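Q: For reference, the structure I am asking about is given below.
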Amino acid sequence: MAAPTIRELFDPEFLASIDRLVMLARRVAPAGSPSEKKSKRPGVGMEFRDFHAYTPGDDFKAIDWNVYQRLGKVFLRRFEEERNLPVYIAPDTSRSMFFGDNPRGHAALKVAFAFSAIALRERDSVGVFPFSNSADMALRPSSGFGRLMRVAQTLTALSPGGDTDFVKSMRKLQAIKMREGLLIVISDFFDPNGIEAVVRALQQVHHRLLLVQLVRKSDADPRLEGDLLLQDCETGEEQNVSATPAVIDAYRKAYKNFQDQLVALAMSRHAGLVHVDVDEDIVDQIAEIFATGAYVV
Amino acid sequence: MTTRLPVLWTLAGIAVIAGVFFLLHRLRVQQRSLVVETTLFWRQAIEETRARVFVQRFRHPWTYLFLVLISTLLWLGFAGLERTPSAARESLVLIDASATMARGDRFAATLALTEDLVEALPRASRTVMLCGGRVRTVLRPHEHARLLRERLAGALPEASPSSVEVALRGQLARKRRGKLRVFVAGDATLDTQWVSSLPDDVEVVRLTPPAEASTANRGITSLGVAPAQSGAWDKIDLLVEVSATGASSLTTPAVAIDSDALAITPERQGSGNAIRFVYRDVATKGQQLDVSLPSGDALGIDDTARFLLPEHRQLRIAIENGVPDLLTDVVRADPALSLVTTSPDVVIRRFGSAFGASAPALELVAEESQANAFLIQHEADQDPYAVLTRLHDRLGLAEIDATEVARRSGRVISMGASPGPVRGLRVWQSLFSNEWNFVASRSFPLFVAASLRWIGGAWTAPATLPVGRHTDLSGARLTSPDGHALTSLGDAFTPTMAGIYQVGNGRRIAAALLDPASTAPPQGAAALPNADAPGSAFDLTTALLLSALVLLLVEWALYQRGRLP
């Protein structure tokens with residue numbers, strides 16, 4: 001399935017709801033944007049960080065003379081440089097995301113647009129890095145709310161396809177030299193190699209993480225009956241299934257294990273994990289997240 | 001339990017059902033194809049089902065069990081599962097098709113009840129017999145009940161007494177070990193004493209429709225002739241007995257001879273429920289006599305009777321000169337015989353004489369020329385032994401004092417028979433002498449008269465018989481009123497239906513119902529317990545189908561609750 005056009009995806013009603021979302025995000029998060037974070041790099045900010053022994057070439061204006069009087073040694077007072085983290089939007093564009101009548105991919109693009117709008121309003125830089133079995137930089141990170149239209153064009157120009165392979169995709173993403181930022185992964189996380197491969201891949205990512213899982217109610221509670229030959233839309237793999245109650249129970253257990261591992265990953269990485277039901281209104285769900293503060297990474 | 005299908009077929013059917021369903025369960029199912037976003041969780045949820053293989057793991061034992069049970073119940077219903085009678089009990093259904101069943105629509109109602117009963121009886125052990133004038137087996141064990149309906153189509157009560165008891169006695173004589181339940185379908189009466197003496201393993205019950213409202217009836221119950229009391233040899237006295245039951249009146253019967261009304265006023269004898277009408281001096285020449293009563297009573301079949309009057313024809317006898325005068329005197333004394341000199345029916349001559357050479361003859365033979373005192377010459381197609389047996393009595397030889405004759409003659413007195421072109425009788429001439437006591441005996445005139453009648457072919461058998469009564473007609477070839485060729489076996493012949501029987505030699509015998517039991521059923525007949533109404537018992541096939549339905553509902557309920565795939 002091809003990506004939708006801008007008009008199809010971002011209709012005026014949706015754009016209006018994004019405006020309201022941005023206002024809501026500013027009201028409930030006065031401290032700054034989701035990506036606002038003290039940089040590890042010492043700089044010229046106002047907040048004291050630590051003392052550092054003088055070495056030739058250091059800025060002499062940073063010498064703390066009070067310390068020199070008391071200790072007879074020269075130390076520099078270092079301050080933390082306040083910098084906004086870049087936001088890297090990583091929507092999953094694998095085939096499974098664009099399957100069916102109401103594909104998760106559309107929801108992923110809307111989610112990506114919503115987070116982009118919020119970040120750009122906060123003067124953060126936003127880049128777009130779609131992935132499936134690889135990752136590419138579709139839009140170089142840059143700031144300015146005026147770039148929102150550019151983001152929208154980039155999102156609608158994405159080409160769906162490929163299998164989901166988190167290991168390869170995250171490795172490719174790591175290979176792109178970018179400073180540390182907030183990586184928003186928007187996906188169903190259905191990697192044919194299993195949730196273990198997803199966890200392994202995301203553990204290696206050095207960015208802060210916000211995981212947006214696109215779900216449907218039928219994911220946890222499939223409504224299938226009888227003897228079925230299921231075909232994976234990505235891999236083409238066929239699976240004989242007799243949808244007996246016992247098999248349905250086993251499916252639910254497998255899905256719960258998948259969810260548990262995803263939650264464990266988020267907790268271990270101090271990452272956010274957001275569930276977005278693709279069959280419900282996307283903006284309302286994100287707005288609810290901001291309203292409850294659950295967005296905090 | 002047993003089935004209408006052979007047991008092996010039934011078991012094979014069950015095995016096939018179980019086998020087919022087992023195979024179907026092992027066959028790879030035809031899945032519904034569905035493309036999904038991921039098979040990740042299904043793969044973990046189920047054991048891999050191998051594709052492109054002929055069989056798969058046996059996965060649904062409960063479904064299989066339900067399928068086999070339901071199908072087996074349906075198969076057993078088709079196979080006609082039946083309860084096995086306890087202790088291999090056999091059933092014998094005797095349908096009364098006698099004259100008494102001609103009342104109203106009792107016969108049709110009885111047949112309907114019988115057909116329903118037979119449907120409910122175990123197929124392998126039931127026999128149905130139709131007991132009219134003769135007993136016919138209309139359904140044998142293992143035959144389908146539908147055949148009974150076809151075989152009884154067009155069956156009607158016959159103008160004959162009930163033969164149910166005769167049939168039952170015959171079946172009991174052939175009865176094997178085990179219990180026998182006899183259904184008497186209809187109103188046939190059985191002897192109370194005999195029924196009560198039946199063995200314990202024989203149960204007799206009655207299957208009969210509700211009694212008719214009106215039972216008033218009258219009928220002809222006896223018909224007979226006797227030599228005319230007036231002494232005229234060519235006339236008879238005719239007796240007609242009419243009986244009545246209920247409110248019926250006893251009316252004088254209408255009598256016609258060869259379709260002409262008999263102009264003789266009868267004498268009425270007796271009173272009560274039976275009146276005898278005696279018609280005197282009825283001329284008899286072998287005419288057909290019809291007796292009838294006004295119709296409109298309960299039973300019409302006993303309102304008419306047909307009779308053949310005896311054919312009293314004078315035999316023409318020619319006697320050779322030299323024959324003892326004693327024989328001439330006997331011939332002269334018999335009004336049925338006339339002495340002639342030309343065209344005789346029978347001649348009396350000495351053996352070897354050419355007198356009346358081609359005519360049947362009573363011949364006197366020298367004692368030395370013949371071993372037997374009496375040598376009968378009969379038709380070639382007759383059985384000599386049967387002829388000897390029959391004529392020994394008919395010629396009055398049983399009445400002579402053979403011992404005294406033998407003592408006086410010093411010879412063995414014996415009878416012999418041999419076939420010849422015409423009938424004849426050779427007798428020792430010395431028997432007609434006064435030395436021996438044969439001519440002095442009272443049986444001598446009888447012997448002469450009977451011998452001449454037999455040789456001359458004068459018909460002596462009774463011309464009218466009640467249906468069902470034996471008569472001496474050994475070896476005769478007959479044609480029944482409905483056109484069937486019959487041959488009497490042994491010495492006895494029993495007419496089984498009313499009407500005129502044609503006898504081979506051109507003569508006829510009339511048979512009439514004349515059964516008092518049919519006209520007025522006796523009150524003292526055995527009271528038999530009634531059989532259960534057919535179909536009242538719970539039908540096993542219905543039970544099987546209901547069980548299958550219940551199992552189907554249980555399976556559906558389990559399926560709805562997710563207990564079955």
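In the structure tokens, chains take letters A, B, ... by order of appearance, with residues numbered from 1 within each chain and ligands from 1 in the order shown.
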Taking only C-alpha atoms into account, produce a table as CSV in which each residue of chain A with an atom at most 6 Å from an atom of chain B appears once, together with its shortest atom pair and the distance in Å to one decimal, ordered by chain and rising number.
A:
residue,atom,partner,partner_atom,distance
A:Ser96,CA,B:Glu37,CA,5.0
A:Asp227,CA,B:Gln31,CA,5.0
A:Leu228,CA,B:Gln31,CA,4.5
A:Leu229,CA,B:Ser33,CA,4.6
A:Leu230,CA,B:Leu34,CA,4.9
A:Gln231,CA,B:Val35,CA,4.6
A:Asp232,CA,B:Thr38,CA,5.0
A:Cys233,CA,B:Glu37,CA,5.4
A:Asn240,CA,B:Thr49,CA,5.5
A:Thr244,CA,B:Pro565,CA,5.3
A:Pro245,CA,B:Gly562,CA,5.9
A:Ala250,CA,B:Ala45,CA,4.7
A:Tyr251,CA,B:Ala45,CA,4.7
A:Ala254,CA,B:Phe41,CA,5.7
Q: What residues in segment 416-484 of chain B get the DSSP label helix (DSSP H, G or I)? Please answer as a list in words.
A: Gln429, Ser430, Leu431, Phe432, Ser443, Phe444, Pro445, Leu446, Phe447, Val448, Ala449, Ala450, Ser451, Leu452, Arg453, Trp454, Ile455 and Gly456 of chain B
Q: Could you name the residues that touch Leu139 of chain A at 6 Å or less, counting only C-alpha atoms, but leaving out those on the same chain fewer than 2 positions away, as a VMD selection string?
A: chain A and resid 127 to 128 137
Q: So that I can see what lies close to Val263 of chain A, please list as an MDAnalysis selection string the residues with an atom at most 9 Å from it, counting only C-alpha atoms and leaving out residues fewer than 5 positions away in the same chain.
A: chainID A and resid 258 268 273
Q: Can you list, as JSON, numbers by chain, every protein, DNA or RNA residue that comes within 10 Å of Ser443 of chain B when you count only C-alpha atoms, leaving out same-chain residues fewer than 5 positions away?
A: {"B": [395, 396, 397, 398, 399, 400, 401, 438, 448, 449]}
Q: Ranking A:Glu237, A:Asp19, A:Asp279, A:Asp136 by minimum distance to Leu148 of chain A and counting only C-alpha atoms, which one comes first?
A: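 So, comparing all the options, the nearest one is A:Asp19.
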Q: If we count only C-alpha atoms and set the cut-off at 9 Å, which residues sit around Met97 of chain A, ignoring sequence neighbours fewer than 3 positions away in its own chain? Please answer as a VMD selection string.
A: (chain A and resid 92 to 94 100 103 to 106 108 160 to 161 187 to 188) or (chain B and resid 37)
Q: Please save N, CA, C and O atoms of the selected residues as a PDB file, in the first residue's frame.
A:
ATOM      1  N   ASP A  92       7.796   3.145  11.638  1.00  0.00           N
ATOM      2  CA  ASP A  92       7.974   1.819  11.021  1.00  0.00           C
ATOM      3  C   ASP A  92       7.230   1.825   9.683  1.00  0.00           C
ATOM      4  O   ASP A  92       6.024   2.098   9.631  1.00  0.00           O
ATOM      5  N   THR A  93       7.921   1.530   8.593  1.00  0.00           N
ATOM      6  CA  THR A  93       7.277   1.523   7.275  1.00  0.00           C
ATOM      7  C   THR A  93       7.251   0.119   6.662  1.00  0.00           C
ATOM      8  O   THR A  93       7.125  -0.034   5.453  1.00  0.00           O
ATOM      9  N   SER A  94       7.371  -0.884   7.510  1.00  0.00           N
ATOM     10  CA  SER A  94       7.342  -2.262   6.975  1.00  0.00           C
ATOM     11  C   SER A  94       5.948  -2.588   6.436  1.00  0.00           C
ATOM     12  O   SER A  94       4.973  -1.881   6.686  1.00  0.00           O
ATOM     13  N   GLY A 100      -4.154  -3.902   5.273  1.00  0.00           N
ATOM     14  CA  GLY A 100      -5.556  -3.825   5.689  1.00  0.00           C
ATOM     15  C   GLY A 100      -6.193  -2.507   5.348  1.00  0.00           C
ATOM     16  O   GLY A 100      -5.599  -1.639   4.703  1.00  0.00           O
ATOM     17  N   PRO A 103      -4.744   0.800   8.032  1.00  0.00           N
ATOM     18  CA  PRO A 103      -3.405   0.313   8.414  1.00  0.00           C
ATOM     19  C   PRO A 103      -2.825   1.113   9.574  1.00  0.00           C
ATOM     20  O   PRO A 103      -3.125   2.291   9.769  1.00  0.00           O
ATOM     21  N   ARG A 104      -1.967   0.416  10.291  1.00  0.00           N
ATOM     22  CA  ARG A 104      -1.292   1.069  11.411  1.00  0.00           C
ATOM     23  C   ARG A 104      -0.361   2.164  10.895  1.00  0.00           C
ATOM     24  O   ARG A 104      -0.053   3.126  11.615  1.00  0.00           O
ATOM     25  N   GLY A 105       0.109   2.006   9.642  1.00  0.00           N
ATOM     26  CA  GLY A 105       1.045   2.979   9.083  1.00  0.00           C
ATOM     27  C   GLY A 105       0.461   4.377   9.050  1.00  0.00           C
ATOM     28  O   GLY A 105       1.163   5.364   9.319  1.00  0.00           O
ATOM     29  N   HIS A 106      -0.829   4.485   8.717  1.00  0.00           N
ATOM     30  CA  HIS A 106      -1.453   5.812   8.700  1.00  0.00           C
ATOM     31  C   HIS A 106      -1.430   6.433  10.086  1.00  0.00           C
ATOM     32  O   HIS A 106      -1.147   7.620  10.274  1.00  0.00           O
ATOM     33  N   ALA A 108       0.666   5.691  12.342  1.00  0.00           N
ATOM     34  CA  ALA A 108       2.061   5.998  12.666  1.00  0.00           C
ATOM     35  C   ALA A 108       2.449   7.368  12.110  1.00  0.00           C
ATOM     36  O   ALA A 108       3.129   8.165  12.793  1.00  0.00           O
ATOM     37  N   PRO A 160       6.272   2.645   1.757  1.00  0.00           N
ATOM     38  CA  PRO A 160       6.113   1.457   2.612  1.00  0.00           C
ATOM     39  C   PRO A 160       6.728   0.251   1.937  1.00  0.00           C
ATOM     40  O   PRO A 160       6.753   0.136   0.714  1.00  0.00           O
ATOM     41  N   GLY A 161       7.157  -0.707   2.745  1.00  0.00           N
ATOM     42  CA  GLY A 161       7.683  -1.942   2.189  1.00  0.00           C
ATOM     43  C   GLY A 161       8.773  -2.507   3.051  1.00  0.00           C
ATOM     44  O   GLY A 161       9.273  -1.845   3.959  1.00  0.00           O
ATOM     45  N   SER A 187       5.850   2.031  16.046  1.00  0.00           N
ATOM     46  CA  SER A 187       5.823   0.735  15.359  1.00  0.00           C
ATOM     47  C   SER A 187       4.810  -0.197  16.022  1.00  0.00           C
ATOM     48  O   SER A 187       4.303   0.077  17.120  1.00  0.00           O
ATOM     49  N   ASP A 188       4.547  -1.302  15.325  1.00  0.00           N
ATOM     50  CA  ASP A 188       3.765  -2.374  15.975  1.00  0.00           C
ATOM     51  C   ASP A 188       4.693  -3.338  16.695  1.00  0.00           C
ATOM     52  O   ASP A 188       4.248  -4.221  17.406  1.00  0.00           O
TER      53      ASP A 188
ATOM     54  N   GLU B  37      -1.410  -9.595   9.726  1.00  0.00           N
ATOM     55  CA  GLU B  37      -0.264  -8.713   9.848  1.00  0.00           C
ATOM     56  C   GLU B  37       0.968  -9.457  10.336  1.00  0.00           C
ATOM     57  O   GLU B  37       2.086  -9.131   9.974  1.00  0.00           O
TER      58      GLU B  37
END
Q: Leaving out Ala159 of chain B and any residue of its chain fewer than 2 positions from it, which residues lie within 10 Å of it when counting only C-alpha atoms, given as a list in words?
A: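 My list of contacting residues is Ala97, Ser98, Ala99, Thr100, Met101, Ala102, Gly132, Gly133, Leu156, Pro157, Pro161, Ser162, Ile301, Asp302, Val467, Gly468, Thr496, Met497, Ala498, Gly499, Ala511, Ala512, Leu513, Leu514, Asp515 and Ser518 of chain B.
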Q: List as a tab-separated table every residue of segment 192-234 of chain B that is in contact with segment 316-335 of chain B, defined as an atom at most 9 Å from one of its atoms (using only C-alpha atoms), together with the nearest atom pair and the distance in Å rounded to one decimal, sorted by chain and then rising number.
A:
residue	atom	partner	partner_atom	distance
B:Ala232	CA	B:Pro335	CA	8.7
B:Trp233	CA	B:Pro335	CA	6.4
B:Asp234	CA	B:Pro335	CA	8.9
Q: Just checking: using only C-alpha atoms, which residue out of B:Val118, B:Val184, B:Leu190, B:Leu553 ends up closest to Pro209 of chain B?
A: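 Counting only C-alpha atoms, the residue closest to Pro209 of chain B is B:Val184.
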Q: For Asn102 of chain A, which residue out of A:Val199, A:Val215, A:Leu15, A:Ala62 is the nearest one, using only C-alpha atoms?
A: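 Counting only C-alpha atoms, the residue closest to Asn102 of chain A is A:Val215.
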Q: I need the strand (DSSP E or B) residues of segment 179-282 of chain A per DSSP on the backbone, written as a PyMOL selection string.
A: chain A and resi 182-187+208-215+227-232+238-242+272-277
Q: As an exercise, work out the distance from atom CA of Arg174 of chain B to atom CA of Thr137 of chain B in Å and give it to one decimal place.
A: 14.3 Å
